[in-house]
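model-v2.pdb, holding PDB, C-alpha atoms, pLDDT in the B column:
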ATOM      1  CA  MET C   1     121.536  32.148  33.328  1.00 52.00           C
ATOM      2  CA  ASN C   2     119.252  29.745  31.588  1.00 52.00           C
ATOM      3  CA  THR C   3     117.008  27.331  33.523  1.00 55.00           C
ATOM      4  CA  VAL C   4     116.253  23.920  31.976  1.00 54.00           C
ATOM      5  CA  TYR C   5     113.058  21.989  32.914  1.00 51.00           C
ATOM      6  CA  LYS C   6     113.028  18.240  32.555  1.00 54.00           C
ATOM      7  CA  ILE C   7     109.755  16.274  32.364  1.00 50.00           C
ATOM      8  CA  ASP C   8     109.722  12.636  33.314  1.00 53.00           C
ATOM      9  CA  LEU C   9     106.827  10.972  31.473  1.00 50.00           C
ATOM     10  CA  SER C  10     107.200   7.785  33.409  1.00 55.00           C
ATOM     11  CA  VAL C  11     106.115   9.454  36.599  1.00 51.00           C
ATOM     12  CA  TYR C  12     102.351   9.086  37.363  1.00 51.00           C
ATOM     13  CA  PRO C  13     100.385  11.872  38.993  1.00 52.00           C
ATOM     14  CA  THR C  14      99.990  11.440  42.671  1.00 51.00           C
ATOM     15  CA  THR C  15      96.880  13.602  43.070  1.00 50.00           C
ATOM     16  CA  PHE C  16      93.232  12.845  41.932  1.00 50.00           C
ATOM     17  CA  ASP C  17      90.876  15.814  42.261  1.00 57.00           C
ATOM     18  CA  PHE C  18      87.090  16.250  41.567  1.00 59.00           C
ATOM     19  CA  LEU C  19      87.693  17.503  38.006  1.00 61.00           C
ATOM     20  CA  HIS C  20      89.405  14.357  36.996  1.00 60.00           C
ATOM     21  CA  ALA C  21      86.698  12.275  38.647  1.00 62.00           C
ATOM     22  CA  GLY C  22      83.928  14.098  36.721  1.00 66.00           C
ATOM     23  CA  LEU C  23      85.677  13.671  33.401  1.00 65.00           C
ATOM     24  CA  ALA C  24      86.211   9.992  34.047  1.00 67.00           C
ATOM     25  CA  GLY C  25      82.516   9.450  34.934  1.00 69.00           C
ATOM     26  CA  ALA C  26      81.309  11.294  31.832  1.00 70.00           C
ATOM     27  CA  VAL C  27      83.563   9.224  29.619  1.00 69.00           C
ATOM     28  CA  ALA C  28      82.277   6.015  31.221  1.00 71.00           C
ATOM     29  CA  LEU C  29      78.608   7.056  30.842  1.00 73.00           C
ATOM     30  CA  LEU C  30      79.078   7.998  27.195  1.00 74.00           C
ATOM     31  CA  SER C  31      80.784   4.700  26.568  1.00 72.00           C
ATOM     32  CA  VAL C  32      77.871   2.771  28.104  1.00 70.00           C
ATOM     33  CA  LEU C  33      75.263   4.747  26.084  1.00 75.00           C
ATOM     34  CA  LEU C  34      77.224   4.183  22.896  1.00 75.00           C
ATOM     35  CA  ILE C  35      77.402   0.449  23.537  1.00 78.00           C
ATOM     36  CA  VAL C  36      73.660   0.246  24.304  1.00 72.00           C
ATOM     37  CA  LEU C  37      72.821   2.201  21.127  1.00 76.00           C
ATOM     38  CA  LEU C  38      74.998  -0.031  18.990  1.00 76.00           C
ATOM     39  CA  LEU C  39      73.417  -3.161  20.499  1.00 75.00           C
ATOM     40  CA  ALA C  40      69.892  -1.818  19.814  1.00 75.00           C
ATOM     41  CA  MET C  41      70.770  -1.107  16.185  1.00 77.00           C
ATOM     42  CA  VAL C  42      72.256  -4.567  15.699  1.00 73.00           C
ATOM     43  CA  ILE C  43      69.203  -6.288  17.258  1.00 77.00           C
ATOM     44  CA  GLY C  44      66.786  -4.224  15.128  1.00 74.00           C
ATOM     45  CA  LEU C  45      68.594  -5.100  11.909  1.00 75.00           C
ATOM     46  CA  ALA C  46      68.612  -8.771  12.860  1.00 74.00           C
ATOM     47  CA  ARG C  47      64.830  -8.794  13.488  1.00 73.00           C
ATOM     48  CA  ARG C  48      64.127  -7.087  10.172  1.00 71.00           C
ATOM     49  CA  LYS C  49      66.101  -9.728   8.326  1.00 63.00           C
ATOM     50  CA  LYS C  50      64.332 -12.601  10.123  1.00 59.00           C
ATOM     51  CA  ALA C  51      60.732 -11.246   9.829  1.00 55.00           C
ATOM     52  CA  PRO C  52      59.276 -12.030   6.327  1.00 56.00           C
ATOM     53  CA  ALA C  53      57.600  -9.230   4.486  1.00 54.00           C
ATOM     54  CA  ALA C  54      53.847  -9.194   5.113  1.00 54.00           C
ATOM     55  CA  GLN C  55      51.967 -10.274   2.022  1.00 56.00           C
ATOM     56  CA  PRO C  56      48.277  -9.560   1.420  1.00 53.00           C
ATOM     57  CA  ALA C  57      46.020 -12.548   2.080  1.00 56.00           C
ATOM     58  CA  ALA C  58      45.086 -14.266  -1.121  1.00 55.00           C
ATOM     59  CA  VAL C  59      41.353 -14.059  -1.863  1.00 56.00           C
ATOM     60  CA  ALA C  60      39.944 -17.332  -3.070  1.00 58.00           C
ATOM     61  CA  PRO C  61      38.355 -16.879  -6.484  1.00 57.00           C
ATOM     62  CA  GLU C  62      34.561 -17.286  -6.583  1.00 57.00           C
ATOM     63  CA  PRO C  63      33.463 -20.527  -8.232  1.00 62.00           C
ATOM     64  CA  ILE C  64      32.422 -20.115 -11.863  1.00 65.00           C
ATOM     65  CA  VAL C  65      29.082 -21.834 -11.214  1.00 58.00           C
ATOM     66  CA  GLN C  66      28.117 -19.260  -8.588  1.00 65.00           C
ATOM     67  CA  VAL C  67      29.151 -16.418 -10.881  1.00 57.00           C
ATOM     68  CA  VAL C  68      26.985 -17.814 -13.700  1.00 56.00           C
ATOM     69  CA  GLU C  69      24.026 -18.271 -11.322  1.00 66.00           C
ATOM     70  CA  LYS C  70      24.301 -14.669 -10.159  1.00 64.00           C
ATOM     71  CA  ILE C  71      24.399 -13.446 -13.761  1.00 62.00           C
ATOM     72  CA  VAL C  72      21.284 -15.490 -14.561  1.00 56.00           C
ATOM     73  CA  GLU C  73      19.465 -14.092 -11.512  1.00 65.00           C
ATOM     74  CA  VAL C  74      20.324 -10.535 -12.544  1.00 56.00           C
ATOM     75  CA  GLU C  75      19.076 -11.215 -16.075  1.00 57.00           C
ATOM     76  CA  LYS C  76      15.829 -12.631 -14.679  1.00 56.00           C
ATOM     77  CA  ILE C  77      15.309  -9.493 -12.609  1.00 54.00           C
ATOM     78  CA  ILE C  78      16.048  -7.238 -15.568  1.00 53.00           C
ATOM     79  CA  HIS C  79      13.920  -9.180 -18.042  1.00 51.00           C
ATOM     80  CA  ALA C  80      11.165 -10.243 -15.630  1.00 47.00           C
ATOM     81  CA  PRO C  81       7.778  -9.577 -17.220  1.00 55.00           C
ATOM     82  CA  ALA C  82       5.525  -7.069 -15.557  1.00 62.00           C
ATOM     83  CA  PRO C  83       2.600  -8.574 -13.670  1.00 66.00           C
ATOM     84  CA  GLU C  84      -0.510  -8.816 -15.770  1.00 69.00           C
ATOM     85  CA  PRO C  85      -3.223  -6.343 -14.824  1.00 76.00           C
ATOM     86  CA  VAL C  86      -6.337  -7.714 -13.199  1.00 69.00           C
ATOM     87  CA  ILE C  87      -9.108  -7.787 -15.789  1.00 74.00           C
ATOM     88  CA  LEU C  88     -12.647  -7.621 -14.481  1.00 68.00           C
ATOM     89  CA  ARG C  89     -15.034  -9.519 -16.719  1.00 65.00           C
ATOM     90  CA  GLU C  90     -18.389  -8.013 -17.414  1.00 67.00           C
ATOM     91  CA  PRO C  91     -21.105 -10.531 -16.481  1.00 64.00           C
ATOM     92  CA  THR C  92     -23.317 -11.664 -19.325  1.00 76.00           C
ATOM     93  CA  PRO C  93     -26.988 -11.375 -18.368  1.00 84.00           C
ATOM     94  CA  ASP C  94     -28.202 -14.088 -20.737  1.00 86.00           C
ATOM     95  CA  ALA C  95     -27.769 -16.960 -18.277  1.00 86.00           C
ATOM     96  CA  ALA C  96     -29.470 -15.057 -15.443  1.00 90.00           C
ATOM     97  CA  LEU C  97     -32.351 -14.095 -17.704  1.00 92.00           C
ATOM     98  CA  GLN C  98     -32.641 -17.674 -18.902  1.00 91.00           C
ATOM     99  CA  LEU C  99     -32.861 -18.899 -15.299  1.00 92.00           C
ATOM    100  CA  LEU C 100     -35.585 -16.392 -14.506  1.00 94.00           C
ATOM    101  CA  GLY C 101     -37.486 -17.596 -17.558  1.00 94.00           C
ATOM    102  CA  LEU C 102     -37.251 -21.221 -16.370  1.00 93.00           C
ATOM    103  CA  LEU C 103     -38.476 -20.304 -12.883  1.00 95.00           C
ATOM    104  CA  GLN C 104     -41.368 -18.367 -14.316  1.00 95.00           C
ATOM    105  CA  LYS C 105     -42.295 -21.198 -16.683  1.00 94.00           C
ATOM    106  CA  GLU C 106     -42.200 -24.018 -14.129  1.00 94.00           C
ATOM    107  CA  ALA C 107     -43.128 -22.216 -10.889  1.00 94.00           C
ATOM    108  CA  ARG C 108     -44.777 -18.910 -11.848  1.00 93.00           C
ATOM    109  CA  PHE C 109     -42.029 -17.459  -9.684  1.00 94.00           C
ATOM    110  CA  ILE C 110     -42.203 -13.830 -10.801  1.00 95.00           C
ATOM    111  CA  ASP C 111     -46.010 -13.830 -10.664  1.00 94.00           C
ATOM    112  CA  PHE C 112     -45.891 -15.031  -7.062  1.00 93.00           C
ATOM    113  CA  ILE C 113     -43.175 -12.587  -5.948  1.00 93.00           C
ATOM    114  CA  LYS C 114     -44.750  -9.557  -7.626  1.00 94.00           C
ATOM    115  CA  GLU C 115     -48.304 -10.377  -6.417  1.00 93.00           C
ATOM    116  CA  ASP C 116     -49.701  -8.327  -3.551  1.00 93.00           C
ATOM    117  CA  ILE C 117     -50.475 -11.087  -1.028  1.00 91.00           C
ATOM    118  CA  ALA C 118     -51.748  -8.749   1.697  1.00 91.00           C
ATOM    119  CA  THR C 119     -55.362  -9.369   0.586  1.00 90.00           C
ATOM    120  CA  TYR C 120     -55.039 -13.191   0.709  1.00 92.00           C
ATOM    121  CA  ASN C 121     -55.427 -15.365   3.794  1.00 94.00           C
ATOM    122  CA  ASP C 122     -52.720 -17.727   4.989  1.00 93.00           C
ATOM    123  CA  ALA C 123     -54.437 -20.793   3.494  1.00 93.00           C
ATOM    124  CA  ASP C 124     -54.490 -19.289  -0.001  1.00 92.00           C
ATOM    125  CA  ILE C 125     -50.848 -18.172   0.301  1.00 93.00           C
ATOM    126  CA  GLY C 126     -49.905 -21.655   1.454  1.00 93.00           C
ATOM    127  CA  VAL C 127     -51.493 -23.276  -1.613  1.00 92.00           C
ATOM    128  CA  ALA C 128     -49.702 -20.842  -3.951  1.00 93.00           C
ATOM    129  CA  ALA C 129     -46.393 -21.308  -2.118  1.00 94.00           C
ATOM    130  CA  ARG C 130     -46.662 -25.078  -2.583  1.00 94.00           C
ATOM    131  CA  VAL C 131     -46.985 -24.626  -6.354  1.00 93.00           C
ATOM    132  CA  VAL C 132     -44.013 -22.241  -6.439  1.00 95.00           C
ATOM    133  CA  HIS C 133     -41.942 -24.582  -4.267  1.00 96.00           C
ATOM    134  CA  GLU C 134     -42.564 -27.588  -6.481  1.00 95.00           C
ATOM    135  CA  GLY C 135     -41.781 -25.666  -9.653  1.00 95.00           C
ATOM    136  CA  CYS C 136     -38.558 -24.119  -8.291  1.00 96.00           C
ATOM    137  CA  ASN C 137     -37.360 -27.473  -7.032  1.00 96.00           C
ATOM    138  CA  LYS C 138     -37.977 -28.969 -10.477  1.00 96.00           C
ATOM    139  CA  VAL C 139     -35.851 -26.252 -12.142  1.00 95.00           C
ATOM    140  CA  LEU C 140     -32.994 -26.781  -9.710  1.00 95.00           C
ATOM    141  CA  ASP C 141     -33.032 -30.564 -10.122  1.00 95.00           C
ATOM    142  CA  GLU C 142     -33.085 -30.396 -13.923  1.00 94.00           C
ATOM    143  CA  HIS C 143     -30.508 -27.669 -14.527  1.00 94.00           C
ATOM    144  CA  PHE C 144     -28.175 -27.574 -11.489  1.00 94.00           C
ATOM    145  CA  VAL C 145     -26.057 -30.137  -9.638  1.00 96.00           C
ATOM    146  CA  LEU C 146     -26.001 -28.968  -6.019  1.00 95.00           C
ATOM    147  CA  GLU C 147     -24.012 -30.393  -3.127  1.00 96.00           C
ATOM    148  CA  PRO C 148     -23.813 -29.255   0.505  1.00 96.00           C
ATOM    149  CA  ILE C 149     -20.495 -27.704   1.529  1.00 96.00           C
ATOM    150  CA  ARG C 150     -20.568 -29.338   4.980  1.00 95.00           C
ATOM    151  CA  THR C 151     -21.798 -32.892   5.410  1.00 94.00           C
ATOM    152  CA  GLU C 152     -22.436 -32.619   9.160  1.00 95.00           C
ATOM    153  CA  GLN C 153     -25.978 -32.248  10.476  1.00 95.00           C
ATOM    154  CA  GLU C 154     -27.053 -28.690  11.184  1.00 95.00           C
ATOM    155  CA  GLY C 155     -26.890 -28.011  14.914  1.00 95.00           C
ATOM    156  CA  ASN C 156     -23.817 -30.230  15.471  1.00 96.00           C
ATOM    157  CA  MET C 157     -20.424 -28.993  16.666  1.00 96.00           C
ATOM    158  CA  VAL C 158     -17.761 -28.645  13.975  1.00 95.00           C
ATOM    159  CA  THR C 159     -14.066 -27.707  14.097  1.00 94.00           C
ATOM    160  CA  LEU C 160     -12.400 -25.541  11.467  1.00 93.00           C
ATOM    161  CA  ALA C 161      -8.686 -26.244  11.187  1.00 93.00           C
ATOM    162  CA  GLN C 162      -6.096 -23.592  10.478  1.00 91.00           C
ATOM    163  CA  GLY C 163      -6.050 -22.638   6.805  1.00 90.00           C
ATOM    164  CA  PHE C 164      -9.736 -23.381   6.169  1.00 91.00           C
ATOM    165  CA  ASP C 165     -11.306 -21.837   3.072  1.00 92.00           C
ATOM    166  CA  ALA C 166     -12.965 -18.624   4.206  1.00 90.00           C
ATOM    167  CA  ALA C 167     -14.891 -18.478   0.918  1.00 92.00           C
ATOM    168  CA  THR C 168     -16.791 -21.672   1.760  1.00 94.00           C
ATOM    169  CA  VAL C 169     -17.327 -21.095   5.499  1.00 94.00           C
ATOM    170  CA  ARG C 170     -18.547 -17.813   6.993  1.00 94.00           C
ATOM    171  CA  LEU C 171     -17.880 -17.247  10.680  1.00 93.00           C
ATOM    172  CA  THR C 172     -20.524 -15.506  12.783  1.00 92.00           C
ATOM    173  CA  GLY C 173     -20.874 -14.699  16.462  1.00 91.00           C
ATOM    174  CA  ASN C 174     -17.976 -13.935  18.814  1.00 88.00           C
ATOM    175  CA  ILE C 175     -14.836 -14.324  16.681  1.00 88.00           C
ATOM    176  CA  ILE C 176     -11.693 -14.131  18.848  1.00 87.00           C
ATOM    177  CA  GLY C 177      -8.170 -15.315  18.089  1.00 86.00           C
ATOM    178  CA  SER C 178      -7.157 -17.524  15.199  1.00 88.00           C
ATOM    179  CA  ALA C 179      -7.982 -21.025  13.915  1.00 90.00           C
ATOM    180  CA  PRO C 180      -8.713 -23.716  14.833  1.00 92.00           C
ATOM    181  CA  PHE C 181     -12.287 -22.663  15.627  1.00 92.00           C
ATOM    182  CA  SER C 182     -15.060 -24.763  17.135  1.00 93.00           C
ATOM    183  CA  GLY C 183     -18.701 -23.822  16.805  1.00 94.00           C
ATOM    184  CA  THR C 184     -22.218 -24.896  15.918  1.00 96.00           C
ATOM    185  CA  LEU C 185     -23.110 -25.551  12.280  1.00 96.00           C
ATOM    186  CA  ILE C 186     -26.030 -23.233  11.561  1.00 95.00           C
ATOM    187  CA  HIS C 187     -26.264 -23.817   7.797  1.00 96.00           C
ATOM    188  CA  LYS C 188     -24.489 -26.488   5.769  1.00 95.00           C
ATOM    189  CA  GLY C 189     -24.154 -24.265   2.681  1.00 96.00           C
ATOM    190  CA  TRP C 190     -24.564 -25.109  -0.988  1.00 96.00           C
ATOM    191  CA  GLU C 191     -22.139 -25.375  -3.875  1.00 96.00           C
ATOM    192  CA  VAL C 192     -23.019 -25.663  -7.569  1.00 95.00           C
ATOM    193  CA  LYS C 193     -21.034 -28.504  -9.153  1.00 95.00           C
ATOM    194  CA  ASN C 194     -22.515 -28.274 -12.625  1.00 94.00           C
ATOM    195  CA  ILE C 195     -24.942 -26.141 -14.641  1.00 92.00           C
ATOM    196  CA  ILE C 196     -27.022 -27.555 -17.493  1.00 91.00           C
ATOM    197  CA  LEU C 197     -28.944 -24.812 -19.239  1.00 87.00           C
ATOM    198  CA  PRO C 198     -30.658 -25.299 -22.603  1.00 85.00           C
ATOM    199  CA  LYS C 199     -28.980 -23.769 -25.626  1.00 85.00           C
ATOM    200  CA  LEU C 200     -30.475 -20.595 -27.012  1.00 82.00           C
ATOM    201  CA  THR C 201     -31.648 -20.410 -30.590  1.00 84.00           C
ATOM    202  CA  GLU C 202     -30.486 -17.663 -32.911  1.00 83.00           C
ATOM    203  CA  GLY C 203     -32.573 -14.551 -32.490  1.00 85.00           C
ATOM    204  CA  TYR C 204     -33.937 -15.579 -29.088  1.00 84.00           C
ATOM    205  CA  ASN C 205     -34.405 -12.628 -26.721  1.00 90.00           C
ATOM    206  CA  PRO C 206     -33.674 -13.812 -23.154  1.00 87.00           C
ATOM    207  CA  ALA C 207     -34.963 -10.528 -21.738  1.00 92.00           C
ATOM    208  CA  ILE C 208     -38.524 -11.697 -22.490  1.00 93.00           C
ATOM    209  CA  ILE C 209     -38.993 -13.709 -19.322  1.00 92.00           C
ATOM    210  CA  ALA C 210     -42.654 -14.456 -20.040  1.00 91.00           C
ATOM    211  CA  PRO C 211     -44.519 -13.227 -23.097  1.00 91.00           C
ATOM    212  CA  ALA C 212     -47.899 -11.637 -22.653  1.00 94.00           C
ATOM    213  CA  GLU C 213     -50.836 -13.984 -23.283  1.00 93.00           C
ATOM    214  CA  VAL C 214     -53.874 -13.023 -25.304  1.00 95.00           C
ATOM    215  CA  GLU C 215     -56.811 -15.430 -25.464  1.00 93.00           C
ATOM    216  CA  LEU C 216     -58.935 -15.277 -28.595  1.00 93.00           C
TER     217      LEU C 216
END
Encoding of this model in structure tokens:
Amino acid sequence: MNTVYKIDLSVYPTTFDFLHAGLAGAVALLSVLLIVLLLAMVIGLARRKKAPAAQPAAVAPEPIVQVVEKIVEVEKIIHAPAPEPVILREPTPDAALQLLGLLQKEARFIDFIKEDIATYNDADIGVAARVVHEGCNKVLDEHFVLEPIRTEQEGNMVTLAQGFDAATVRLTGNIIGSAPFSGTLIHKGWEVKNIILPKLTEGYNPAIIAPAEVEL
């Protein structure tokens, strides 16, 4: 005897157990994750299309004038001449010898300086010094133009501003700090403005300050 089973598909199940509930929750969770993933992909593609591609910032070209100036400066450095060496000049003794000859001629200067004055009294030395003084002063007046460096009276207070010529003013005493300096003028100094020496003849020997004298 054969048994026939009939299934009615229109009939819904009347029971809902934990297995069915788990499967339904998993399907719902996967559906939500899939939707979120799809939305993220769509938003990312939309942002990429809207954002322009980053381009490197354009560097402004350097002006031609500045380029030329830099080239000229480099050429100057390359072709700059070496500093000239300091040349020390040997002093010529002729002028000094000539001056000694003038002092000897007019003031008997060398005779007075080389004389042993220990055996003379003060009165005799004073008379000789007067002759030497007059003769030396005559040589200076005739062959040199002298001017004082400072015009103030010696013993007066003077002020030296910053940048004063150290070659013309010598500081003495307690030197502290930097200019300006104020102090007492001890010596006004001298400066030669012009020299007028007689010309030397050919064959003249300036080393002969005073020739020996022989009386016949």
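Here CA of Thr168 in chain C stands at a distance of 14.6 Å from CA of Phe181 in chain C.
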> Which residues come within 10 Å of Phe144 in chain C, counting all atoms listed in the file, excluding same-chain residues fewer than 6 positions away, as a PyMOL selection string?
Replying inline: chain C and resi 138+191-197
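Coordinates place CA of Ala128 in chain C at a distance of 26.0 Å from CA of Pro206 in chain C.
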Skipping near chain neighbours, those fewer than 4 positions away, what residues fall within 8 Å of Asn156 in chain C using all atoms listed in the file, listed as a PDB file with C-alpha atoms, in the coordinates of the input?
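Output saved as result.pdb:
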ATOM      1  CA  GLU C 152     -22.436 -32.619   9.160  1.00 95.00           C
ATOM      2  CA  THR C 184     -22.218 -24.896  15.918  1.00 96.00           C
ATOM      3  CA  LEU C 185     -23.110 -25.551  12.280  1.00 96.00           C
TER       4      LEU C 185
END
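Of note, CA of Ile87 in chain C and CA of Phe164 in chain C are spaced 26.9 Å apart.
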